[in-house]
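Listing of structure_2.cif, mmCIF, C-alpha atoms and all ligand atoms
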```cif
data_final
loop_
_atom_site.label_atom_id
_atom_site.label_comp_id
_atom_site.auth_asym_id
_atom_site.auth_seq_id
_atom_site.Cartn_x
_atom_site.Cartn_y
_atom_site.Cartn_z
CA MET A 1 -106.44 -69.76 209.35
CA THR A 2 -108.37 -70.46 212.52
CA THR A 3 -108.31 -73.11 215.19
CA GLU A 4 -111.29 -74.45 217.07
CA SER A 5 -111.32 -74.35 220.88
CA ALA A 6 -114.34 -74.81 223.13
CA GLY A 7 -116.64 -73.99 220.22
CA ARG A 8 -114.94 -70.65 219.62
CA ARG A 9 -112.55 -70.13 216.75
CA SER A 10 -109.30 -68.40 217.67
CA VAL A 11 -106.79 -67.09 215.18
CA PRO A 12 -103.19 -67.99 216.13
CA VAL A 13 -100.49 -65.31 216.27
CA ASP A 14 -98.71 -65.09 212.90
CA GLY A 15 -95.16 -64.50 214.08
CA ALA A 16 -93.65 -64.78 210.60
CA ALA A 17 -95.97 -62.11 209.21
CA PHE A 18 -95.25 -59.82 212.15
CA LEU A 19 -91.47 -60.18 211.78
CA ALA A 20 -91.78 -59.58 208.02
CA SER A 21 -93.63 -56.32 208.77
CA MET A 22 -90.88 -55.24 211.17
CA ARG A 23 -88.24 -55.97 208.52
CA GLU A 24 -90.12 -53.95 205.90
CA LEU A 25 -90.57 -50.98 208.20
CA SER A 26 -86.92 -51.12 209.31
CA LEU A 27 -85.82 -50.47 205.72
CA ILE A 28 -87.29 -46.96 205.97
CA GLY A 29 -84.61 -44.63 207.29
CA ALA A 30 -82.22 -47.59 207.71
CA THR A 31 -78.70 -46.68 208.87
CA ALA A 32 -75.42 -48.36 207.95
CA GLY A 33 -75.09 -49.53 211.56
CA GLY A 34 -78.28 -51.59 211.44
CA GLY A 35 -80.61 -49.07 213.05
CA VAL A 36 -82.98 -46.38 211.82
CA HIS A 37 -82.88 -42.59 211.61
CA ARG A 38 -86.48 -41.39 211.42
CA LEU A 39 -86.90 -38.03 213.09
CA ALA A 40 -90.44 -36.79 213.71
CA ALA A 41 -92.19 -35.40 210.61
CA SER A 42 -89.10 -36.00 208.43
CA ALA A 43 -89.34 -37.54 204.96
CA GLU A 44 -88.48 -40.94 206.51
CA ASP A 45 -91.22 -40.55 209.12
CA GLY A 46 -93.60 -39.75 206.25
CA GLN A 47 -92.61 -42.94 204.41
CA ALA A 48 -93.03 -45.00 207.58
CA ARG A 49 -96.50 -43.50 208.07
CA ASP A 50 -97.39 -44.27 204.44
CA TRP A 51 -96.25 -47.86 204.96
CA LEU A 52 -98.43 -48.22 208.09
CA ALA A 53 -101.46 -46.55 206.53
CA GLN A 54 -101.28 -48.83 203.51
CA TRP A 55 -100.91 -51.96 205.66
CA LEU A 56 -103.96 -50.99 207.71
CA ARG A 57 -106.06 -49.84 204.75
CA GLN A 58 -105.48 -53.17 202.97
CA ARG A 59 -107.02 -54.91 205.98
CA GLY A 60 -110.12 -52.78 206.21
CA PHE A 61 -109.04 -50.18 208.77
CA THR A 62 -110.19 -46.59 208.17
CA ILE A 63 -107.28 -44.14 208.24
CA LYS A 64 -107.66 -40.88 210.16
CA VAL A 65 -105.04 -38.18 210.69
CA ASP A 66 -105.77 -35.50 213.28
CA ALA A 67 -104.50 -31.91 213.43
CA ILE A 68 -101.21 -32.81 215.13
CA GLY A 69 -100.58 -35.65 212.66
CA ASN A 70 -101.46 -38.57 214.92
CA LEU A 71 -102.18 -41.45 212.53
CA PHE A 72 -105.06 -43.75 213.45
CA GLY A 73 -106.26 -47.01 211.87
CA VAL A 74 -109.81 -47.40 213.03
CA LEU A 75 -112.14 -50.39 213.25
CA GLU A 76 -115.55 -49.04 214.14
CA TRP A 77 -117.48 -52.13 215.17
CA ARG A 78 -120.16 -50.20 217.06
CA ARG A 79 -121.18 -46.76 215.91
CA GLY A 80 -120.41 -44.19 218.60
CA ALA A 81 -118.85 -46.70 221.01
CA PRO A 82 -115.67 -45.58 222.85
CA TYR A 83 -112.26 -46.55 221.47
CA VAL A 84 -109.55 -48.78 222.78
CA LEU A 85 -106.41 -46.97 221.61
CA CYS A 86 -103.42 -49.18 220.93
CA GLY A 87 -100.06 -48.10 219.58
CA SER A 88 -96.83 -46.24 220.12
CA HIS A 89 -94.68 -44.09 217.80
CA LEU A 90 -92.87 -44.41 214.47
CA ASP A 91 -90.42 -41.53 215.02
CA SER A 92 -86.94 -42.32 216.33
CA GLN A 93 -83.97 -40.67 217.98
CA PRO A 94 -81.05 -39.84 215.63
CA GLN A 95 -79.14 -42.99 214.55
CA ALA A 96 -81.28 -45.16 216.81
CA GLY A 97 -82.63 -48.69 217.05
CA LYS A 98 -85.31 -50.37 214.92
CA LEU A 99 -87.54 -51.38 217.83
CA ASP A 100 -88.20 -48.37 220.08
CA GLY A 101 -91.73 -47.19 219.29
CA ALA A 102 -91.94 -48.95 215.92
CA TYR A 103 -92.31 -52.30 217.68
CA GLY A 104 -95.35 -51.05 219.60
CA VAL A 105 -97.03 -49.66 216.48
CA VAL A 106 -96.53 -52.78 214.37
CA ALA A 107 -97.50 -55.01 217.30
CA ALA A 108 -100.70 -52.98 217.74
CA ALA A 109 -101.52 -53.23 214.03
CA HIS A 110 -101.04 -57.02 214.00
CA ALA A 111 -102.91 -57.49 217.29
CA ALA A 112 -105.90 -55.42 216.15
CA ASP A 113 -105.98 -57.20 212.80
CA ARG A 114 -105.96 -60.57 214.55
CA LEU A 115 -108.89 -59.41 216.69
CA ARG A 116 -110.72 -58.40 213.51
CA LEU A 117 -110.19 -61.86 211.99
CA GLN A 118 -111.26 -63.49 215.24
CA ALA A 119 -114.41 -61.39 215.50
CA GLU A 120 -115.28 -62.20 211.88
CA ALA A 121 -114.65 -65.91 212.38
CA ASN A 122 -116.97 -65.98 215.37
CA GLY A 123 -119.57 -63.51 214.16
CA GLU A 124 -118.86 -61.36 217.22
CA VAL A 125 -119.11 -57.62 217.68
CA PRO A 126 -116.71 -56.38 220.41
CA ALA A 127 -118.09 -53.92 222.97
CA PHE A 128 -115.55 -51.22 222.10
CA ASN A 129 -114.07 -49.97 218.85
CA VAL A 130 -110.34 -50.13 218.33
CA ALA A 131 -107.90 -47.56 216.96
CA VAL A 132 -104.31 -48.46 216.14
CA VAL A 133 -102.26 -45.31 216.61
CA SER A 134 -98.87 -43.86 215.81
CA TRP A 135 -98.46 -40.76 217.99
CA THR A 136 -96.56 -37.78 216.53
CA ASN A 137 -93.15 -36.84 217.94
CA GLU A 138 -92.92 -39.09 220.96
CA GLU A 139 -89.15 -38.77 221.00
CA GLY A 140 -88.67 -35.04 221.37
CA ALA A 141 -85.43 -35.30 219.38
CA ARG A 142 -86.23 -32.89 216.55
CA PHE A 143 -89.01 -31.00 218.34
CA GLN A 144 -89.25 -30.38 222.08
CA PRO A 145 -91.14 -31.30 224.17
CA SER A 146 -91.53 -35.04 223.68
CA LEU A 147 -94.94 -36.83 223.78
CA LEU A 148 -96.36 -34.09 221.56
CA GLY A 149 -99.10 -36.04 219.76
CA SER A 150 -100.34 -37.94 222.79
CA SER A 151 -100.33 -34.74 224.88
CA VAL A 152 -102.52 -32.95 222.32
CA TYR A 153 -104.88 -35.94 222.21
CA SER A 154 -105.04 -35.87 226.02
CA LYS A 155 -105.67 -32.11 225.99
CA THR A 156 -102.68 -31.23 228.16
CA MET A 157 -101.37 -29.18 225.19
CA THR A 158 -103.31 -27.41 222.45
CA ALA A 159 -102.82 -28.41 218.81
CA ALA A 160 -102.01 -24.77 217.99
CA ASP A 161 -99.18 -24.67 220.54
CA ALA A 162 -97.82 -28.03 219.39
CA LEU A 163 -97.94 -27.08 215.69
CA ALA A 164 -96.00 -23.88 216.41
CA VAL A 165 -93.04 -25.68 218.02
CA CYS A 166 -89.93 -25.25 215.83
CA ASP A 167 -86.86 -27.41 215.25
CA GLU A 168 -83.32 -26.04 215.24
CA ALA A 169 -83.66 -24.92 211.61
CA GLY A 170 -86.78 -22.91 212.45
CA ILE A 171 -89.20 -25.34 210.74
CA SER A 172 -92.42 -25.69 212.70
CA VAL A 173 -94.19 -28.97 213.43
CA GLY A 174 -97.07 -27.68 211.29
CA GLU A 175 -94.81 -26.96 208.31
CA ALA A 176 -93.01 -30.28 208.65
CA LEU A 177 -96.29 -32.23 208.81
CA THR A 178 -97.61 -30.36 205.75
CA ALA A 179 -94.43 -31.22 203.85
CA ILE A 180 -94.95 -34.96 204.40
CA GLY A 181 -98.72 -34.84 203.86
CA TYR A 182 -99.70 -35.46 207.48
CA ALA A 183 -101.22 -32.14 208.55
CA GLY A 184 -104.54 -33.87 209.13
CA ARG A 185 -108.08 -32.55 209.32
CA ASP A 186 -109.81 -35.60 210.76
CA GLN A 187 -111.39 -35.75 214.17
CA ALA A 188 -109.34 -38.17 216.29
CA PRO A 189 -111.25 -41.30 217.41
CA TRP A 190 -113.27 -40.20 220.42
CA PRO A 191 -114.15 -40.84 223.16
CA PRO A 192 -111.31 -43.08 224.31
CA ALA A 193 -112.13 -45.93 226.72
CA VAL A 194 -108.64 -47.15 227.53
CA CYS A 195 -105.16 -47.09 226.04
CA ALA A 196 -102.68 -49.96 225.62
CA GLU A 197 -99.03 -49.81 224.58
CA ILE A 198 -96.23 -52.34 224.28
CA HIS A 199 -92.60 -51.23 224.15
CA ILE A 200 -89.11 -52.61 224.59
CA GLU A 201 -87.97 -52.18 228.20
CA GLN A 202 -84.86 -50.01 227.53
CA GLY A 203 -83.44 -51.47 230.73
CA HIS A 204 -82.44 -55.03 231.61
CA ALA A 205 -84.64 -55.94 234.59
CA LEU A 206 -86.67 -58.45 232.54
CA GLU A 207 -83.57 -60.01 231.04
CA ASP A 208 -81.94 -60.30 234.48
CA ALA A 209 -85.05 -61.97 235.90
CA GLY A 210 -85.58 -64.20 232.87
CA ARG A 211 -89.15 -62.96 232.31
CA SER A 212 -90.69 -62.38 228.91
CA ILE A 213 -93.30 -59.70 229.77
CA GLY A 214 -93.09 -56.59 231.95
CA LEU A 215 -96.24 -55.11 233.47
CA VAL A 216 -95.52 -51.42 233.93
CA ALA A 217 -96.84 -50.31 237.32
CA PHE A 218 -95.69 -46.68 237.36
CA ASN A 219 -93.38 -44.16 235.71
CA TRP A 220 -90.43 -42.30 237.19
CA ALA A 221 -90.83 -38.58 237.76
CA ALA A 222 -88.87 -36.35 235.39
CA HIS A 223 -87.96 -32.68 235.27
CA LYS A 224 -86.70 -31.28 231.97
CA TYR A 225 -85.11 -27.84 231.89
CA GLU A 226 -84.10 -25.65 228.98
CA ILE A 227 -81.46 -23.37 230.45
CA GLU A 228 -80.12 -20.19 228.84
CA VAL A 229 -76.64 -19.04 229.80
CA ILE A 230 -75.88 -15.53 228.56
CA GLY A 231 -72.35 -14.16 228.38
CA ARG A 232 -70.76 -11.58 226.09
CA GLN A 233 -69.15 -12.21 222.72
CA ALA A 234 -65.48 -11.15 222.66
CA HIS A 235 -62.18 -12.00 220.97
CA THR A 236 -60.72 -15.24 222.38
CA GLY A 237 -57.19 -13.84 222.09
CA PRO A 238 -56.72 -10.34 223.47
CA THR A 239 -59.71 -10.09 225.84
CA PRO A 240 -58.24 -10.13 229.37
CA MET A 241 -59.36 -13.20 231.30
CA ALA A 242 -60.88 -11.18 234.12
CA GLU A 243 -63.08 -9.30 231.66
CA ARG A 244 -64.62 -12.36 229.99
CA ARG A 245 -68.18 -13.49 230.49
CA ASP A 246 -68.00 -16.88 228.82
CA ALA A 247 -71.38 -18.59 228.41
CA LEU A 248 -69.77 -21.92 227.47
CA LEU A 249 -67.68 -21.87 230.64
CA GLY A 250 -70.84 -21.23 232.68
CA ALA A 251 -72.61 -24.07 230.85
CA SER A 252 -69.69 -26.39 231.57
CA TYR A 253 -69.95 -25.76 235.31
CA LEU A 254 -73.69 -26.50 235.10
CA ILE A 255 -73.08 -29.80 233.30
CA VAL A 256 -70.71 -30.85 236.06
CA ALA A 257 -73.12 -29.59 238.74
CA ALA A 258 -75.91 -31.74 237.26
CA ARG A 259 -73.71 -34.84 237.46
CA GLU A 260 -72.65 -34.04 241.03
CA LEU A 261 -76.29 -33.95 242.17
CA VAL A 262 -76.22 -37.75 241.96
CA GLU A 263 -73.51 -38.01 244.64
CA GLN A 264 -74.98 -35.16 246.69
CA LEU A 265 -78.32 -36.95 246.96
CA ALA A 266 -76.96 -40.52 247.24
CA PRO A 267 -78.10 -43.08 248.24
CA ARG A 268 -81.42 -41.74 246.98
CA LEU A 269 -81.93 -42.70 243.34
CA LEU A 270 -81.40 -39.94 240.77
CA HIS A 271 -80.46 -39.94 237.07
CA THR A 272 -79.25 -36.67 235.53
CA SER A 273 -78.08 -35.63 232.10
CA VAL A 274 -77.24 -32.76 229.83
CA ALA A 275 -77.38 -34.30 226.36
CA ARG A 276 -77.81 -31.25 224.16
CA LEU A 277 -75.85 -28.01 224.14
CA VAL A 278 -76.34 -25.25 221.57
CA THR A 279 -73.84 -22.39 221.53
CA ARG A 280 -73.56 -19.04 219.77
CA PRO A 281 -71.67 -17.83 217.86
CA ASN A 282 -69.98 -21.26 217.91
CA SER A 283 -66.72 -19.93 216.45
CA PRO A 284 -63.25 -21.01 217.66
CA ASN A 285 -62.21 -17.37 217.96
CA SER A 286 -65.14 -15.84 219.76
CA VAL A 287 -65.98 -16.18 223.43
CA THR A 288 -69.41 -17.83 223.58
CA SER A 289 -72.21 -15.32 224.06
CA GLN A 290 -75.06 -17.77 224.53
CA ALA A 291 -75.33 -21.42 225.52
CA THR A 292 -78.58 -23.37 225.71
CA LEU A 293 -78.51 -26.58 227.76
CA PHE A 294 -81.13 -29.32 227.86
CA LEU A 295 -80.87 -30.74 231.36
CA GLU A 296 -82.91 -33.63 232.76
CA LEU A 297 -83.47 -35.02 236.24
CA ARG A 298 -85.29 -38.33 236.77
CA SER A 299 -86.15 -40.31 239.89
CA PRO A 300 -88.78 -42.79 241.06
CA ASP A 301 -89.20 -40.48 244.09
CA PRO A 302 -90.60 -37.00 243.28
CA GLU A 303 -89.18 -35.66 246.58
CA VAL A 304 -85.68 -36.37 245.28
CA LEU A 305 -86.42 -34.13 242.29
CA VAL A 306 -87.63 -31.34 244.57
CA ASP A 307 -84.30 -31.49 246.44
CA ALA A 308 -82.29 -31.86 243.23
CA GLU A 309 -84.00 -28.81 241.74
CA ARG A 310 -83.20 -26.73 244.84
CA LEU A 311 -79.54 -27.75 244.63
CA LEU A 312 -79.50 -27.05 240.89
CA PHE A 313 -80.83 -23.52 241.39
CA GLU A 314 -78.18 -22.98 244.09
CA ALA A 315 -75.59 -24.04 241.52
CA PHE A 316 -76.99 -21.40 239.13
CA GLU A 317 -76.17 -18.77 241.75
CA ARG A 318 -72.60 -20.03 242.27
CA VAL A 319 -71.94 -20.14 238.52
CA ARG A 320 -73.30 -16.61 238.08
CA GLN A 321 -70.96 -15.34 240.77
CA ASN A 322 -67.91 -17.24 239.48
CA THR A 323 -68.25 -16.48 235.78
CA GLY A 324 -70.33 -13.31 235.45
CA VAL A 325 -72.85 -14.95 233.13
CA ALA A 326 -76.63 -14.61 233.41
CA ILE A 327 -78.64 -17.81 233.76
CA SER A 328 -82.34 -18.25 233.18
CA CYS A 329 -84.62 -21.21 232.76
CA PRO A 330 -87.33 -20.26 230.25
CA LYS A 331 -88.82 -23.74 229.87
CA VAL A 332 -89.41 -26.41 232.48
CA VAL A 333 -91.50 -29.56 232.05
CA ARG A 334 -92.21 -31.48 235.25
CA ARG A 335 -93.76 -34.94 235.00
CA GLY A 336 -94.83 -36.58 238.24
CA VAL A 337 -94.96 -40.25 239.17
CA ARG A 338 -98.13 -41.81 237.82
CA HIS A 339 -99.37 -45.25 238.70
CA PHE A 340 -100.92 -47.19 235.87
CA ASP A 341 -104.51 -48.31 236.38
CA ALA A 342 -104.51 -51.07 239.04
CA GLU A 343 -107.33 -52.99 237.39
CA GLY A 344 -105.54 -52.77 234.03
CA LEU A 345 -102.43 -54.19 235.66
CA GLU A 346 -104.44 -57.17 236.94
CA LEU A 347 -106.05 -57.64 233.54
CA ALA A 348 -102.57 -57.75 231.98
CA ARG A 349 -101.35 -60.20 234.64
CA ALA A 350 -104.33 -62.49 233.98
CA SER A 351 -103.63 -62.26 230.23
CA ALA A 352 -100.00 -63.32 230.76
CA HIS A 353 -101.08 -66.23 232.96
CA ALA A 354 -103.65 -67.34 230.37
CA LEU A 355 -100.88 -67.47 227.76
CA GLY A 356 -98.35 -69.08 230.10
CA LEU A 357 -95.96 -66.10 229.88
CA GLU A 358 -93.65 -65.29 232.81
CA CYS A 359 -94.26 -61.69 233.80
CA MET A 360 -93.17 -59.20 236.45
CA GLU A 361 -94.08 -55.67 237.51
CA LEU A 362 -91.63 -52.86 236.88
CA ALA A 363 -91.44 -49.11 236.34
CA THR A 364 -90.80 -47.17 233.17
CA VAL A 365 -87.94 -44.72 233.58
CA ALA A 366 -88.54 -43.19 230.15
CA GLY A 367 -91.63 -41.19 229.23
CA GLN A 368 -94.19 -43.05 227.10
CA ASP A 369 -97.30 -42.07 225.15
CA ALA A 370 -99.37 -44.36 227.42
CA ILE A 371 -98.43 -42.08 230.34
CA ALA A 372 -99.80 -39.00 228.55
CA VAL A 373 -103.03 -40.76 227.52
CA GLY A 374 -103.19 -42.28 231.01
CA THR A 375 -104.05 -38.81 232.32
CA ILE A 376 -107.53 -39.10 230.75
CA VAL A 377 -108.33 -42.82 230.65
CA PRO A 378 -106.90 -45.99 232.23
CA SER A 379 -103.84 -47.22 230.37
CA VAL A 380 -102.07 -50.55 230.24
CA MET A 381 -98.36 -50.60 229.44
CA LEU A 382 -96.37 -53.72 228.63
CA PHE A 383 -92.66 -54.29 228.10
CA VAL A 384 -90.71 -56.97 226.29
CA PRO A 385 -87.06 -57.49 227.29
CA SER A 386 -84.32 -55.52 225.55
CA PHE A 387 -80.94 -57.16 225.14
CA LEU A 388 -78.52 -55.66 227.70
CA GLY A 389 -81.00 -52.81 228.16
CA ILE A 390 -79.63 -51.05 225.08
CA GLY A 391 -81.86 -48.16 224.03
CA HIS A 392 -81.59 -45.17 221.68
CA HIS A 393 -78.76 -46.98 219.91
CA GLU A 394 -78.48 -48.87 216.62
CA GLU A 395 -77.66 -52.08 218.48
CA GLU A 396 -81.05 -52.21 220.22
CA HIS A 397 -82.18 -55.85 220.04
CA THR A 398 -84.84 -58.26 221.26
CA ASP A 399 -84.99 -61.92 220.18
CA ASP A 400 -87.68 -62.69 217.59
CA ALA A 401 -89.43 -65.19 219.88
CA LEU A 402 -89.78 -62.53 222.60
CA LEU A 403 -91.06 -59.96 220.11
CA VAL A 404 -93.69 -62.43 218.91
CA SER A 405 -94.80 -63.45 222.40
CA GLY A 406 -95.19 -59.73 223.12
CA VAL A 407 -97.55 -59.43 220.14
CA ASP A 408 -99.50 -62.45 221.42
CA MET A 409 -99.70 -60.83 224.85
CA LEU A 410 -100.83 -57.50 223.41
CA THR A 411 -103.56 -59.28 221.40
CA GLU A 412 -104.85 -61.01 224.52
CA VAL A 413 -104.90 -57.71 226.45
CA LEU A 414 -106.56 -55.93 223.54
CA ALA A 415 -109.22 -58.66 223.23
CA ARG A 416 -110.09 -58.30 226.90
CA LEU A 417 -110.14 -54.50 226.72
CA CYS A 418 -112.33 -54.51 223.59
CA ALA A 419 -114.70 -56.95 225.29
CA GLY A 420 -115.15 -54.44 228.11
CA ASP A 421 -113.41 -56.60 230.74
CA LEU A 422 -111.93 -53.51 232.41
CA ARG A 423 -114.76 -52.42 234.69
CA SER A 424 -113.53 -48.84 234.93
CA THR A 425 -114.13 -48.40 231.18
CA VAL A 426 -117.82 -49.20 231.48
CA ARG A 427 -118.50 -47.16 234.60
CA GLY A 428 -120.37 -43.89 234.25
CA ASP A 429 -117.42 -41.81 235.47
CA LEU A 430 -115.59 -42.31 232.17
CA THR A 431 -117.52 -39.62 230.32
CA ALA A 432 -116.84 -37.17 233.11
CA ARG A 433 -113.13 -37.91 232.99
CA VAL A 434 -112.65 -37.55 229.25
CA ALA A 435 -114.79 -34.42 229.03
CA ARG A 436 -112.47 -32.33 231.23
ZN ZN B 1 -90.28 -45.11 222.54
#
```

Structure re-expressed in structure tokens:
Amino acid sequence: MTTESAGRRSVPVDGAAFLASMRELSLIGATAGGGVHRLAASAEDGQARDWLAQWLRQRGFTIKVDAIGNLFGVLEWRRGAPYVLCGSHLDSQPQAGKLDGAYGVVAAAHAADRLRLQAEANGEVPAFNVAVVSWTNEEGARFQPSLLGSSVYSKTMTAADALAVCDEAGISVGEALTAIGYAGRDQAPWPPAVCAEIHIEQGHALEDAGRSIGLVAFNWAAHKYEIEVIGRQAHTGPTPMAERRDALLGASYLIVAARELVEQLAPRLLHTSVARLVTRPNSPNSVTSQATLFLELRSPDPEVLVDAERLLFEAFERVRQNTGVAISCPKVVRRGVRHFDAEGLELARASAHALGLECMELATVAGQDAIAVGTIVPSVMLFVPSFLGIGHHEEEHTDDALLVSGVDMLTEVLARLCAGDLRSTVRGDLTARVAR
């Protein structure tokens, strides 16, 4: 169905079809509490990928799966032309919401398909090709680090290193992808021109301001530490207290120290967490010999993280002295503040105005695939409101009307990007940037 306007036929957003797609996808890995449980490269992730691939294939997209399992639905309008990448991720946190990531993938699929119909109706050939994408392991729940697929695509991590990462059971990313049939051999769509992603906000700034679209201007800095606390296994009964080197006790002091950083650095803004703790031998009758903590620091100000890290390492020293444990930090990932492409932000603002959508600029606190891809090409990131800011929880919710206006917005942005409206994508420096 098309409508005529100023001699050009435009295809209206099909909200009902989009919402039906979301409902279908949400059945895969559905939880009793109304959410989804779809860990990266699990059987459920495989079924979700199959669902997406079939949806895209039926509409004429070519499916490509690269070495790290990124799933692309490609429309190659011009042979050899750069790609506008548009998508998010189908994997979820454990017992999580239906929207996070999945919304952005399904929105991208519907937006790109609408562009296809529009181009066909008008006999147009867009300047750039488009690739709908579901990036592998955005969440970092089963496999650490997060943003695995988009980091490999952006060449900040090699496919070999990413495939070798193991989950807690010792299953590698490569083995898990093979098991679900997504250890791909295709070349990923290349070169990229620009990347676009829409996501639920996972905060409530949009809801508080009564706006329907967020234009993401920058991301918070984040430091993620994997910390090993080494003690000595001993009997919990007879071992004299003074002789114990209890790794769990040391870890407990570190968890408290991480929380206290917030007050120590107040009023500067800092979020901290330890959300995963693995202990050995994990027996009620043995003093813990080893504890692994996953500790995160996040702030919009990278200087705050520099100070927080210094205080954290001072805490290591105090805990060593007080408990006799050894503490090391074998893995650290530091992500800086990155500003999204200024011209892309203006393009998104103009798109919102053209559609009559109330928008505002904000930051993303969480990491996103568009940040990783934004290291090689301009990226445009959009948010829709999330009810009460609930995220990584089964009760995650956004009203249908807001979800649909987000798809409309993404289509408008995608149309402009595919037409080459972002000047930085047609400048000669693009090739130099993506070739690094
Ligand atoms: Zn997400």

Between atom CA of Pro189 of chain A and atom CA of Val36 of chain A, what is the distance, to one decimal in Å?
29.3 Å

Leaving out Ile63 of chain A and any residue of its chain fewer than 5 positions from it, which residues lie within 7 Å of it when counting all atoms listed in the file, given as a VMD selection string?
chain A and resid 53 57 72 to 74

May I ask you to write as a PyMOL selection string all residues lying at most 9 Å from ligand ZN 1 (chain B), with only C-alpha atoms and all ligand atoms counted?
chain A and resi 88-93+99-104+138-139+199-200+202+366-369+392

Rank A:Glu396, A:Arg298, A:Leu27, A:Leu115 by their smallest atom-to-atom distance to Ala96 of chain A, using all atoms listed in the file, and report the top residue only.
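Of A:Glu396, A:Arg298, A:Leu27, A:Leu115, the one nearest Ala96 of chain A is A:Glu396, counting all atoms listed in the file.
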
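Counting only C-alpha atoms and comparing A:His110, A:His339, A:His393, A:Arg259, the residue that lies closest to Ser273 of chain A is A:Arg259.
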
As a PyMOL selection string, please: the residues near segment 275-288 of chain A (cut-off 9 Å, all atoms listed in the file, same-chain neighbours under 5 positions excluded).
chain A and resi 230-237+244-249+251+293-296

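Taking atom CA of Thr136 of chain A and atom CA of Ser150 of chain A as the two end points, the separation is 7.3 Å.
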